[in-house]
$ cat upload.pdb   # PDB, C-alpha atoms
MODEL        1
ATOM      1  CA  MET L1098      61.529  73.531 112.838
ATOM      2  CA  TYR L1099      63.916  71.413 114.923
ATOM      3  CA  THR L1100      65.682  68.163 114.041
ATOM      4  CA  PRO L1101      68.423  66.291 115.883
ATOM      5  CA  CYS L1102      70.266  65.737 112.597
ATOM      6  CA  LEU L1103      70.103  67.873 109.472
ATOM      7  CA  ILE L1104      71.804  66.647 106.288
ATOM      8  CA  ILE L1105      72.615  69.023 103.433
ATOM      9  CA  GLY L1106      72.907  67.131 100.158
ATOM     10  CA  SER L1107      71.332  64.166  98.412
ATOM     11  CA  GLY L1108      74.173  62.203  96.825
ATOM     12  CA  PRO L1109      75.624  58.898  98.061
ATOM     13  CA  ALA L1110      77.116  60.638 101.116
ATOM     14  CA  GLY L1111      73.919  62.409 102.131
ATOM     15  CA  TYR L1112      71.618  59.437 101.628
ATOM     16  CA  THR L1113      73.968  57.019 103.422
ATOM     17  CA  ALA L1114      74.256  59.450 106.336
ATOM     18  CA  ALA L1115      70.454  59.553 106.436
ATOM     19  CA  ILE L1116      70.187  55.748 106.553
ATOM     20  CA  TYR L1117      72.566  55.501 109.508
ATOM     21  CA  ALA L1118      71.168  58.532 111.320
ATOM     22  CA  ALA L1119      67.594  57.270 110.955
ATOM     23  CA  ARG L1120      68.512  53.830 112.278
ATOM     24  CA  ALA L1121      70.123  55.567 115.264
ATOM     25  CA  ASN L1122      66.768  57.243 116.021
ATOM     26  CA  MET L1123      68.089  60.709 115.159
ATOM     27  CA  HIS L1124      65.063  61.570 112.989
ATOM     28  CA  PRO L1125      67.212  63.078 110.193
ATOM     29  CA  LEU L1126      65.986  65.746 107.817
ATOM     30  CA  VAL L1127      67.604  65.853 104.363
ATOM     31  CA  ILE L1128      67.707  69.089 102.360
ATOM     32  CA  GLU L1129      67.994  67.593  98.885
ATOM     33  CA  GLY L1130      69.199  70.660  96.997
ATOM     34  CA  PRO L1131      69.002  71.492  93.289
ATOM     35  CA  GLN L1132      70.615  68.282  91.977
ATOM     36  CA  ILE L1133      69.075  65.234  93.609
ATOM     37  CA  GLY L1134      71.557  62.380  93.407
ATOM     38  CA  GLY L1135      74.560  64.690  93.142
ATOM     39  CA  GLN L1136      77.331  64.581  90.563
ATOM     40  CA  LEU L1137      76.742  60.871  90.022
ATOM     41  CA  MET L1138      73.737  61.833  87.911
ATOM     42  CA  THR L1139      76.047  63.160  85.174
ATOM     43  CA  THR L1140      77.181  59.641  84.265
ATOM     44  CA  THR L1141      75.173  57.095  82.287
ATOM     45  CA  GLU L1142      75.734  53.859  84.192
ATOM     46  CA  VAL L1143      77.407  52.814  87.443
ATOM     47  CA  GLU L1144      79.285  49.529  87.277
ATOM     48  CA  ASN L1145      81.716  49.814  90.188
ATOM     49  CA  PHE L1146      79.351  50.176  93.162
ATOM     50  CA  PRO L1147      79.026  46.939  95.187
ATOM     51  CA  GLY L1148      75.672  45.200  95.094
ATOM     52  CA  TYR L1149      74.867  45.837  91.435
ATOM     53  CA  PRO L1150      76.564  43.006  89.522
ATOM     54  CA  ASP L1151      74.981  44.024  86.216
ATOM     55  CA  GLY L1152      75.527  47.747  86.711
ATOM     56  CA  VAL L1153      72.836  50.275  87.504
ATOM     57  CA  ALA L1154      71.542  53.573  86.176
ATOM     58  CA  PRO L1155      72.575  56.366  88.577
ATOM     59  CA  PHE L1156      68.998  57.578  89.088
ATOM     60  CA  GLN L1157      67.970  54.043  90.061
ATOM     61  CA  MET L1158      70.806  53.674  92.568
ATOM     62  CA  MET L1159      70.020  57.042  94.148
ATOM     63  CA  ASP L1160      66.329  56.183  94.299
ATOM     64  CA  ASP L1161      67.194  52.912  96.041
ATOM     65  CA  MET L1162      69.259  54.781  98.633
ATOM     66  CA  ARG L1163      66.560  57.393  99.135
ATOM     67  CA  ARG L1164      63.825  54.792  99.648
ATOM     68  CA  GLN L1165      66.032  52.936 102.126
ATOM     69  CA  ALA L1166      66.552  56.120 104.144
ATOM     70  CA  GLU L1167      62.831  56.904 103.941
ATOM     71  CA  ARG L1168      61.976  53.413 105.200
ATOM     72  CA  PHE L1169      63.682  54.205 108.511
ATOM     73  CA  GLY L1170      61.923  57.538 108.952
ATOM     74  CA  THR L1171      64.071  60.115 107.145
ATOM     75  CA  GLN L1172      62.225  63.266 106.093
ATOM     76  CA  PHE L1173      63.114  65.075 102.851
ATOM     77  CA  ILE L1174      62.803  68.734 101.925
ATOM     78  CA  SER L1175      63.138  70.040  98.374
ATOM     79  CA  GLY L1176      64.924  73.357  98.408
ATOM     80  CA  ARG L1177      68.246  75.142  98.406
ATOM     81  CA  VAL L1178      70.171  76.032 101.548
ATOM     82  CA  THR L1179      70.846  79.762 101.330
ATOM     83  CA  LYS L1180      72.377  80.561 104.726
ATOM     84  CA  VAL L1181      73.844  78.803 107.739
ATOM     85  CA  GLU L1182      74.729  79.890 111.242
ATOM     86  CA  PHE L1183      76.950  77.416 113.058
ATOM     87  CA  GLN L1184      77.555  77.902 116.791
ATOM     88  CA  SER L1185      81.022  77.552 118.310
ATOM     89  CA  HIS L1186      79.358  76.466 121.559
ATOM     90  CA  PRO L1187      75.903  75.166 120.660
ATOM     91  CA  THR L1188      73.322  74.513 123.359
ATOM     92  CA  LYS L1189      69.747  73.245 123.386
ATOM     93  CA  ASP L1190      68.602  76.855 123.378
ATOM     94  CA  GLN L1191      71.130  77.953 120.742
ATOM     95  CA  PRO L1192      71.476  75.144 118.203
ATOM     96  CA  HIS L1193      72.912  75.353 114.716
ATOM     97  CA  LYS L1194      70.644  77.097 112.197
ATOM     98  CA  VAL L1195      70.081  76.514 108.490
ATOM     99  CA  TRP L1196      67.947  78.640 106.162
ATOM    100  CA  VAL L1197      66.201  77.056 103.153
ATOM    101  CA  ASP L1198      65.203  79.287 100.229
ATOM    102  CA  ASP L1199      65.801  82.337 102.454
ATOM    103  CA  THR L1200      62.509  81.781 104.246
ATOM    104  CA  THR L1201      62.384  78.681 106.453
ATOM    105  CA  ILE L1202      64.778  78.238 109.380
ATOM    106  CA  TYR L1203      65.724  74.778 110.603
ATOM    107  CA  GLU L1204      67.480  74.207 113.934
ATOM    108  CA  ALA L1205      69.635  71.154 114.536
ATOM    109  CA  ASP L1206      71.946  69.624 117.114
ATOM    110  CA  THR L1207      74.075  68.157 114.340
ATOM    111  CA  VAL L1208      74.616  69.121 110.698
ATOM    112  CA  ILE L1209      76.184  66.858 108.084
ATOM    113  CA  ILE L1210      77.480  68.761 105.049
ATOM    114  CA  ALA L1211      77.289  66.536 101.967
ATOM    115  CA  THR L1212      77.100  69.128  99.199
ATOM    116  CA  GLY L1213      79.568  67.411  96.875
ATOM    117  CA  ALA L1214      81.741  68.957  94.182
ATOM    118  CA  GLY L1215      81.313  69.724  90.508
ATOM    119  CA  ALA L1216      83.756  69.032  87.710
ATOM    120  CA  LYS L1217      85.204  72.019  85.908
ATOM    121  CA  TYR L1218      84.297  72.170  82.232
ATOM    122  CA  LEU L1219      85.830  74.054  79.321
ATOM    123  CA  GLY L1220      82.695  76.046  78.605
ATOM    124  CA  ILE L1221      82.252  75.035  74.971
ATOM    125  CA  PRO L1222      78.599  74.434  73.944
ATOM    126  CA  SER L1223      79.164  70.891  72.703
ATOM    127  CA  GLU L1224      80.187  69.740  76.193
ATOM    128  CA  ASN L1225      76.572  69.936  77.332
ATOM    129  CA  GLU L1226      75.304  68.528  74.059
ATOM    130  CA  TYR L1227      77.355  65.334  74.436
ATOM    131  CA  ARG L1228      77.321  65.034  78.231
ATOM    132  CA  GLY L1229      76.613  61.393  79.020
ATOM    133  CA  ARG L1230      77.183  60.534  75.348
ATOM    134  CA  GLY L1231      80.951  60.628  75.229
ATOM    135  CA  VAL L1232      81.785  63.475  77.597
ATOM    136  CA  SER L1233      82.869  62.468  81.098
ATOM    137  CA  ALA L1234      84.679  63.978  84.065
ATOM    138  CA  CYS L1235      85.627  60.653  85.654
ATOM    139  CA  ALA L1236      87.851  58.108  83.924
ATOM    140  CA  THR L1237      87.539  55.654  86.806
ATOM    141  CA  CYS L1238      83.744  55.814  86.538
ATOM    142  CA  ASP L1239      83.334  55.646  82.768
ATOM    143  CA  GLY L1240      86.623  54.424  81.287
ATOM    144  CA  PHE L1241      85.427  50.815  81.143
ATOM    145  CA  PHE L1242      82.879  51.772  78.470
ATOM    146  CA  TYR L1243      85.707  52.811  76.128
ATOM    147  CA  ARG L1244      87.737  49.627  76.063
ATOM    148  CA  LYS L1245      89.778  49.297  72.823
ATOM    149  CA  LYS L1246      88.551  52.714  71.655
ATOM    150  CA  ILE L1247      90.237  56.087  71.143
ATOM    151  CA  VAL L1248      89.751  58.802  73.754
ATOM    152  CA  ALA L1249      91.081  62.236  74.706
ATOM    153  CA  VAL L1250      91.932  63.645  78.127
ATOM    154  CA  VAL L1251      91.968  67.410  78.689
ATOM    155  CA  GLY L1252      94.465  68.727  81.234
ATOM    156  CA  GLY L1253      98.139  68.783  82.100
ATOM    157  CA  GLY L1254      98.275  68.212  85.844
ATOM    158  CA  ASP L1255      98.697  65.104  87.979
ATOM    159  CA  THR L1256      95.004  64.226  87.713
ATOM    160  CA  ALA L1257      95.099  64.377  83.905
ATOM    161  CA  CYS L1258      98.225  62.213  83.808
ATOM    162  CA  GLU L1259      96.691  59.678  86.192
ATOM    163  CA  GLU L1260      93.507  59.492  84.126
ATOM    164  CA  ALA L1261      95.475  59.162  80.895
ATOM    165  CA  GLN L1262      97.499  56.315  82.390
ATOM    166  CA  TYR L1263      94.354  54.591  83.617
ATOM    167  CA  LEU L1264      92.644  54.928  80.231
ATOM    168  CA  ALA L1265      95.754  53.733  78.400
ATOM    169  CA  GLY L1266      95.298  50.415  80.193
ATOM    170  CA  LEU L1267      91.853  50.079  78.627
ATOM    171  CA  CYS L1268      91.870  51.994  75.368
ATOM    172  CA  GLU L1269      93.548  51.651  72.004
ATOM    173  CA  LYS L1270      94.903  55.212  72.115
ATOM    174  CA  VAL L1271      94.764  58.242  74.421
ATOM    175  CA  TYR L1272      95.295  61.844  73.361
ATOM    176  CA  MET L1273      96.246  64.359  76.049
ATOM    177  CA  ILE L1274      95.074  67.857  75.092
ATOM    178  CA  VAL L1275      97.266  70.361  76.946
ATOM    179  CA  ARG L1276      96.812  74.101  76.398
ATOM    180  CA  LYS L1277     100.302  74.980  77.636
ATOM    181  CA  PRO L1278     103.653  73.977  76.082
ATOM    182  CA  TYR L1279     104.433  71.833  79.137
ATOM    183  CA  LEU L1280     102.828  69.530  81.714
ATOM    184  CA  ARG L1281     102.152  70.820  85.229
ATOM    185  CA  ALA L1282     102.272  67.338  86.720
ATOM    186  CA  SER L1283     104.994  65.983  88.994
ATOM    187  CA  ASN L1284     108.117  64.722  87.256
ATOM    188  CA  ILE L1285     107.319  61.072  87.811
ATOM    189  CA  MET L1286     103.837  61.445  86.326
ATOM    190  CA  GLN L1287     105.256  63.337  83.336
ATOM    191  CA  GLU L1288     107.722  60.553  82.652
ATOM    192  CA  ARG L1289     105.014  57.914  82.837
ATOM    193  CA  VAL L1290     102.756  59.503  80.244
ATOM    194  CA  LYS L1291     105.631  60.507  77.959
ATOM    195  CA  ASN L1292     106.951  56.960  77.970
ATOM    196  CA  ASN L1293     103.583  55.289  77.422
ATOM    197  CA  PRO L1294     103.305  54.316  73.731
ATOM    198  CA  LYS L1295      99.507  54.557  73.836
ATOM    199  CA  ILE L1296      99.517  58.224  74.936
ATOM    200  CA  GLU L1297     100.073  61.111  72.542
ATOM    201  CA  ILE L1298     100.451  64.558  74.115
ATOM    202  CA  LEU L1299      99.160  67.501  72.089
ATOM    203  CA  PHE L1300     100.826  70.557  73.609
ATOM    204  CA  GLU L1301      99.457  74.076  73.014
ATOM    205  CA  HIS L1302      96.101  72.771  71.834
ATOM    206  CA  ASN L1303      92.618  73.924  72.824
ATOM    207  CA  THR L1304      89.326  72.242  72.028
ATOM    208  CA  LEU L1305      87.029  74.224  69.751
ATOM    209  CA  ARG L1306      84.157  71.780  69.485
ATOM    210  CA  LEU L1307      83.143  68.135  69.688
ATOM    211  CA  THR L1308      81.567  66.423  66.692
ATOM    212  CA  GLY L1309      79.375  63.394  66.039
ATOM    213  CA  GLU L1310      75.826  62.360  65.201
ATOM    214  CA  ASN L1311      74.357  61.135  68.493
ATOM    215  CA  LYS L1312      77.589  60.696  70.430
ATOM    216  CA  VAL L1313      81.160  61.950  70.441
ATOM    217  CA  GLU L1314      82.984  60.853  67.296
ATOM    218  CA  GLY L1315      85.647  63.536  67.013
ATOM    219  CA  ALA L1316      87.047  66.847  68.216
ATOM    220  CA  ASP L1317      88.251  69.981  66.453
ATOM    221  CA  LEU L1318      91.350  71.456  68.104
ATOM    222  CA  VAL L1319      93.160  74.727  67.563
ATOM    223  CA  TYR L1320      96.937  74.884  67.848
ATOM    224  CA  ARG L1321      98.404  77.956  69.567
ATOM    225  CA  LYS L1322      95.066  79.667  70.027
ATOM    226  CA  GLY L1323      95.276  83.378  69.360
ATOM    227  CA  GLU L1324      98.555  83.166  67.478
ATOM    228  CA  ALA L1325      98.901  84.355  63.888
ATOM    229  CA  ASP L1326      99.892  80.860  62.805
ATOM    230  CA  GLU L1327      97.137  78.989  64.637
ATOM    231  CA  THR L1328      95.863  75.955  62.782
ATOM    232  CA  VAL L1329      92.822  73.723  63.277
ATOM    233  CA  ARG L1330      93.240  69.989  63.621
ATOM    234  CA  HIS L1331      90.599  67.253  63.777
ATOM    235  CA  ILE L1332      91.039  64.036  65.759
ATOM    236  CA  ASP L1333      88.774  61.010  65.706
ATOM    237  CA  ILE L1334      87.795  59.982  69.239
ATOM    238  CA  ASN L1335      85.040  58.039  70.983
ATOM    239  CA  GLY L1336      85.332  59.624  74.420
ATOM    240  CA  PHE L1337      86.284  63.037  75.818
ATOM    241  CA  PHE L1338      87.460  63.136  79.453
ATOM    242  CA  LEU L1339      87.865  66.369  81.395
ATOM    243  CA  ALA L1340      90.598  66.421  84.027
ATOM    244  CA  ILE L1341      91.008  70.118  84.737
ATOM    245  CA  GLY L1342      89.845  69.981  88.330
ATOM    246  CA  HIS L1343      86.756  70.059  90.507
ATOM    247  CA  LYS L1344      85.119  72.807  92.515
ATOM    248  CA  PRO L1345      83.627  71.793  95.876
ATOM    249  CA  ASN L1346      80.227  73.234  96.710
ATOM    250  CA  THR L1347      81.318  74.813  99.984
ATOM    251  CA  GLU L1348      81.127  78.576  99.424
ATOM    252  CA  LEU L1349      78.044  78.709 101.648
ATOM    253  CA  PHE L1350      80.095  77.622 104.676
ATOM    254  CA  LYS L1351      83.152  79.853 104.205
ATOM    255  CA  ASP L1352      82.404  82.050 107.249
ATOM    256  CA  PHE L1353      82.236  79.117 109.653
ATOM    257  CA  VAL L1354      84.175  76.085 108.403
ATOM    258  CA  ALA L1355      87.886  75.649 107.683
ATOM    259  CA  ARG L1356      88.590  74.999 103.988
ATOM    260  CA  ASP L1357      91.777  74.434 102.030
ATOM    261  CA  ALA L1358      93.051  76.601  99.166
ATOM    262  CA  GLU L1359      90.801  74.779  96.683
ATOM    263  CA  GLY L1360      87.708  75.170  98.848
ATOM    264  CA  TYR L1361      87.498  71.611 100.197
ATOM    265  CA  ILE L1362      86.332  71.332 103.810
ATOM    266  CA  VAL L1363      89.194  70.427 106.123
ATOM    267  CA  THR L1364      88.873  67.296 108.232
ATOM    268  CA  LYS L1365      91.712  65.517 110.006
ATOM    269  CA  GLY L1366      92.692  61.877 109.823
ATOM    270  CA  TYR L1367      89.764  59.465 109.634
ATOM    271  CA  SER L1368      87.366  61.860 111.331
ATOM    272  CA  PRO L1369      84.593  63.720 109.447
ATOM    273  CA  GLN L1370      84.641  66.464 112.089
ATOM    274  CA  CYS L1371      84.691  70.048 110.793
ATOM    275  CA  TYR L1372      86.871  72.796 112.253
ATOM    276  CA  ASP L1373      86.485  76.522 112.749
ATOM    277  CA  LEU L1374      88.179  79.023 110.449
ATOM    278  CA  SER L1375      91.461  78.762 112.349
ATOM    279  CA  GLY L1376      91.578  75.036 111.637
ATOM    280  CA  GLU L1377      92.537  74.426 115.276
ATOM    281  CA  TYR L1378      89.244  73.988 117.092
ATOM    282  CA  GLU L1379      86.443  71.563 116.343
ATOM    283  CA  LEU L1380      83.015  72.876 115.433
ATOM    284  CA  PRO L1381      80.800  70.800 117.724
ATOM    285  CA  GLY L1382      78.135  68.880 115.868
ATOM    286  CA  ILE L1383      79.282  69.849 112.358
ATOM    287  CA  PHE L1384      80.533  67.084 110.036
ATOM    288  CA  ALA L1385      81.471  66.818 106.344
ATOM    289  CA  ALA L1386      80.936  63.840 104.070
ATOM    290  CA  GLY L1387      81.596  63.042 100.436
ATOM    291  CA  ASP L1388      83.282  65.033  97.677
ATOM    292  CA  CYS L1389      82.978  68.404  99.451
ATOM    293  CA  ALA L1390      85.755  67.164 101.745
ATOM    294  CA  ASP L1391      87.538  64.757  99.388
ATOM    295  CA  PRO L1392      89.915  66.201  96.762
ATOM    296  CA  HIS L1393      91.491  62.819  96.038
ATOM    297  CA  TYR L1394      89.120  59.912  95.346
ATOM    298  CA  ARG L1395      85.746  61.346  94.267
ATOM    299  CA  GLN L1396      84.053  57.934  94.127
ATOM    300  CA  ALA L1397      80.496  57.070  95.166
ATOM    301  CA  ILE L1398      81.626  54.230  97.424
ATOM    302  CA  ILE L1399      84.045  56.535  99.285
ATOM    303  CA  ALA L1400      81.330  59.177  99.630
ATOM    304  CA  ALA L1401      78.893  56.610 101.015
ATOM    305  CA  ALA L1402      81.468  55.425 103.554
ATOM    306  CA  SER L1403      82.105  58.982 104.725
ATOM    307  CA  GLY L1404      78.352  59.500 105.078
ATOM    308  CA  CYS L1405      78.258  56.482 107.360
ATOM    309  CA  LYS L1406      81.126  57.877 109.457
ATOM    310  CA  SER L1407      79.490  61.277 109.751
ATOM    311  CA  ALA L1408      76.203  59.838 110.984
ATOM    312  CA  MET L1409      77.946  57.610 113.519
ATOM    313  CA  GLU L1410      80.003  60.528 114.815
ATOM    314  CA  ALA L1411      76.898  62.720 114.978
ATOM    315  CA  ASP L1412      75.116  60.073 117.039
ATOM    316  CA  LYS L1413      78.143  59.734 119.316
ATOM    317  CA  TYR L1414      78.253  63.514 119.785
ATOM    318  CA  ARG L1415      74.588  63.637 120.812
ATOM    319  CA  ARG L1416      74.991  60.742 123.215
ATOM    320  CA  ILE L1417      77.974  62.349 124.928
ATOM    321  CA  LEU L1418      76.003  65.569 125.418
ATOM    322  CA  ASP L1419      72.867  63.611 126.353
ATOM    323  CA  LEU L1420      70.740  65.509 123.849
ATOM    324  CA  THR L1421      67.176  64.331 123.627
ATOM    325  CA  PRO L1422      65.643  63.588 120.202
ATOM    326  CA  THR L1423      62.872  66.147 120.616
ATOM    327  CA  LYS L1424      62.927  69.758 121.745
TER     328      LYS L1424
ENDMDL
END
$ encode --input "upload.pdb" --output "structure tokens"
Amino acid sequence: MYTPCLIIGSGPAGYTAAIYAARANMHPLVIEGPQIGGQLMTTTEVENFPGYPDGVAPFQMMDDMRRQAERFGTQFISGRVTKVEFQSHPTKDQPHKVWVDDTTIYEADTVIIATGAGAKYLGIPSENEYRGRGVSACATCDGFFYRKKIVAVVGGGDTACEEAQYLAGLCEKVYMIVRKPYLRASNIMQERVKNNPKIEILFEHNTLRLTGENKVEGADLVYRKGEADETVRHIDINGFFLAIGHKPNTELFKDFVARDAEGYIVTKGYSPQCYDLSGEYELPGIFAAGDCADPHYRQAIIAAASGCKSAMEADKYRRILDLTPTK
């Protein structure tokens, strides 16, 4: 099956790309993947996306975007992309190829990668139990719900320090749970959290479990895990924020697309254009949008904007090459 524009992913980036590509008469096809709506679906309510003054449930916002893309002619396929074959010099006879569920091959002039990223979790069972009920991987997204409450942030890097600082501006108290005896963050970030009276750093602590009836109400921590003198400590908290990193969903593209050391797809400047493995030459017709190429912001509004850019650049690419919408 052939399409002028194939979009991999169904979060804010993928759906926005579909809206713009469909309005440009590119007849986009969206491969929605295993998690329709993307990482946004792990939160309970979205209050910082423009156009929803009273907030919105993430499934409702994603459904709105999907229906808008569908209105302009976007087609959707349920399935998982299992293989890609990107051409360094694509032609009408040798377009880019994408396999879905190992069986169906789709050919496309342009491919927009919008596969997102997933937060890293500790791996304790209670994380899943309380996900969306006190457990969050985004302070900017969910911190507002914990105003004047007590929360904990897990991590010791720059991201953890930034999230702790942000939450300290909203919450009564912030614990930082750090498994090492030191912070890995830059010196300036270390000084900020150490000098903030609302932040208490718990060095050499690991989380054993979260507790509470129907939501997070506390956490059991172990001090110096594995040591002979390890002790268990309980803290009362209302929210538990993970800030130990994200993993972009880009392993599928590792043989074709330049990625950084963390696995994020490399783009340069404002452009969503992807590059070959050398990072020097553009991969014609291949673009990246959303969290799979964004290690910094990880916000739905930023992802949507990058989806817009990718679709506009894809349309520009096809116009320059004078590619017709049908094969």
$ resolve_selection --input "upload.pdb" --expression "the PyMOL selection byres ((chain L and resi 1347) around 10)" --output "short mmCIF file (atom, residue, chain, number, x, y, z; two decimals) with C-alpha atoms, keeping the file's coordinate frame"
data_model
loop_
_atom_site.label_atom_id
_atom_site.label_comp_id
_atom_site.auth_asym_id
_atom_site.auth_seq_id
_atom_site.Cartn_x
_atom_site.Cartn_y
_atom_site.Cartn_z
CA ILE L 1210 77.48 68.76 105.05
CA ALA L 1211 77.29 66.54 101.97
CA THR L 1212 77.10 69.13 99.20
CA GLY L 1213 79.57 67.41 96.88
CA ALA L 1214 81.74 68.96 94.18
CA LYS L 1344 85.12 72.81 92.52
CA PRO L 1345 83.63 71.79 95.88
CA ASN L 1346 80.23 73.23 96.71
CA GLU L 1348 81.13 78.58 99.42
CA LEU L 1349 78.04 78.71 101.65
CA PHE L 1350 80.10 77.62 104.68
CA LYS L 1351 83.15 79.85 104.20
CA VAL L 1354 84.18 76.08 108.40
CA ARG L 1356 88.59 75.00 103.99
CA GLY L 1360 87.71 75.17 98.85
CA TYR L 1361 87.50 71.61 100.20
CA ILE L 1362 86.33 71.33 103.81
CA CYS L 1389 82.98 68.40 99.45
CA ALA L 1390 85.76 67.16 101.74
#
$ atom_distance --input "upload.pdb" --atom1 "CA of Thr1141 (chain L)" --atom2 "CA of Met1159 (chain L)"
12.9 Å
$ closest_atom_pairs --input "upload.pdb" --of "region 1298-1387 of chain L" --to "region 1258-1272 of chain L" --cutoff "12 Å" --atoms "only C-alpha atoms" --output "CSV"
residue,atom,partner,partner_atom,distance
L:Ile1298,CA,L:Tyr1272,CA,5.9
L:Leu1299,CA,L:Tyr1272,CA,7.0
L:Phe1300,CA,L:Tyr1272,CA,10.3
L:His1302,CA,L:Tyr1272,CA,11.1
L:Gly1315,CA,L:Tyr1272,CA,11.7
L:Ala1316,CA,L:Tyr1272,CA,10.9
L:Leu1318,CA,L:Tyr1272,CA,11.6
L:His1331,CA,L:Tyr1272,CA,12.0
L:Ile1332,CA,L:Tyr1272,CA,9.0
L:Asp1333,CA,L:Tyr1272,CA,10.1
L:Ile1334,CA,L:Tyr1272,CA,8.8
L:Asn1335,CA,L:Cys1268,CA,10.1
L:Gly1336,CA,L:Val1271,CA,9.5
L:Phe1337,CA,L:Tyr1272,CA,9.4
L:Phe1338,CA,L:Glu1260,CA,8.5
L:Leu1339,CA,L:Glu1260,CA,9.3
L:Ala1340,CA,L:Glu1260,CA,7.5
L:Ile1341,CA,L:Cys1258,CA,10.7
L:Gly1342,CA,L:Glu1260,CA,11.9
$ write_last_selection --input "upload.pdb" --atoms "C-alpha atoms" --output "short mmCIF file (atom, residue, chain, number, x, y, z; two decimals), in the frame of the given file"
data_model
loop_
_atom_site.label_atom_id
_atom_site.label_comp_id
_atom_site.auth_asym_id
_atom_site.auth_seq_id
_atom_site.Cartn_x
_atom_site.Cartn_y
_atom_site.Cartn_z
CA ILE L 1298 100.45 64.56 74.11
CA LEU L 1299 99.16 67.50 72.09
CA PHE L 1300 100.83 70.56 73.61
CA HIS L 1302 96.10 72.77 71.83
CA GLY L 1315 85.65 63.54 67.01
CA ALA L 1316 87.05 66.85 68.22
CA LEU L 1318 91.35 71.46 68.10
CA HIS L 1331 90.60 67.25 63.78
CA ILE L 1332 91.04 64.04 65.76
CA ASP L 1333 88.77 61.01 65.71
CA ILE L 1334 87.80 59.98 69.24
CA ASN L 1335 85.04 58.04 70.98
CA GLY L 1336 85.33 59.62 74.42
CA PHE L 1337 86.28 63.04 75.82
CA PHE L 1338 87.46 63.14 79.45
CA LEU L 1339 87.86 66.37 81.40
CA ALA L 1340 90.60 66.42 84.03
CA ILE L 1341 91.01 70.12 84.74
CA GLY L 1342 89.84 69.98 88.33
#
$ closest_residue --input "upload.pdb" --among "L:Asp1317, L:Glu1142, L:Asp1391, L:Glu1327" --to "Glu1301 (chain L)" --atoms "only C-alpha atoms"
L:Glu1327
$ closest_residue --input "upload.pdb" --among "L:Met1098, L:Ile1133, L:Ala1119, L:Val1250" --to "Thr1171 (chain L)" --atoms "all atoms listed in the file"
L:Ala1119
$ closest_residue --input "upload.pdb" --among "L:Ser1223, L:Thr1364, L:Asn1122, L:Gln1172" --to "Ala1386 (chain L)" --atoms "only C-alpha atoms"
L:Thr1364
$ atom_distance --input "upload.pdb" --atom1 "CA of Pro1222 (chain L)" --atom2 "CA of Leu1305 (chain L)"
9.4 Å
$ closest_residue --input "upload.pdb" --among "L:Val1290, L:Ile1417, L:Ile1128, L:Val1251" --to "Met1273 (chain L)" --atoms "only C-alpha atoms"
L:Val1251
$ atom_distance --input "upload.pdb" --atom1 "CA of Cys1371 (chain L)" --atom2 "CA of Gln1132 (chain L)"
23.6 Å
$ closest_residue --input "upload.pdb" --among "L:Tyr1372, L:Tyr1112, L:Tyr1149, L:Trp1196" --to "Glu1167 (chain L)" --atoms "all atoms listed in the file"
L:Tyr1112
$ closest_residue --input "upload.pdb" --among "L:Asn1311, L:Cys1405, L:His1186, L:Tyr1203" --to "Tyr1378 (chain L)" --atoms "all atoms listed in the file"
L:His1186
$ resolve_selection --input "upload.pdb" --expression "the PyMOL selection byres ((chain L and resi 1383) around 8)" --output "ChimeraX atom specification"
/L:1183,1207-1210,1370-1371,1380-1382,1384-1385,1411
$ residues_around --input "upload.pdb" --residues "Asp1160 (chain L)" --least-positions-apart "4" --cutoff "12 Å" --atoms "all atoms listed in the file" --output "list of chain:residue names"
L:Ser1107, L:Gly1108, L:Pro1109, L:Tyr1112, L:Thr1113, L:Ile1133, L:Gly1134, L:Gly1135, L:Met1138, L:Val1153, L:Ala1154, L:Pro1155, L:Phe1156, L:Arg1164, L:Gln1165, L:Ala1166, L:Glu1167
$ resolve_selection --input "upload.pdb" --expression "the PyMOL selection byres ((chain L and resi 1180-1182) around 9)" --output "number ranges by chain"
L: 1178-1179, 1183-1184, 1193-1199, 1349-1350, 1352-1353
$ axis_aligned_box --input "upload.pdb" --around "region 1201-1214 of chain L" --padding-each-side "5 Å" --output "JSON"
{"center_x": 72.1, "center_y": 72.6, "center_z": 105.6, "size_x": 29.4, "size_y": 22.1, "size_z": 32.9}
$ residues_near_point --input "upload.pdb" --point "(93.5, 72.5, 65.1)" --cutoff "6 Å" --atoms "only C-alpha atoms" --output "list in words"
Asp1317, Leu1318, Val1319, Tyr1320, Thr1328, Val1329 and Arg1330 of chain L
$ decode --input "upload.pdb" --residues "region 1346-1357 of chain L" --atoms "C-alpha atoms" --output "CSV table (one decimal), in the first residue's frame"
chain,number,residue,atom,x,y,z
L,1346,ASN,CA,11.0,4.9,21.5
L,1347,THR,CA,13.6,4.9,18.7
L,1348,GLU,CA,15.3,1.6,18.8
L,1349,LEU,CA,13.4,0.6,15.6
L,1350,PHE,CA,15.2,3.3,13.6
L,1351,LYS,CA,18.8,2.8,14.9
L,1352,ASP,CA,20.1,1.4,11.6
L,1353,PHE,CA,19.0,4.4,9.6
L,1354,VAL,CA,18.6,7.5,11.7
L,1355,ALA,CA,21.2,9.5,13.7
L,1356,ARG,CA,20.5,9.4,17.5
L,1357,ASP,CA,22.3,10.8,20.5
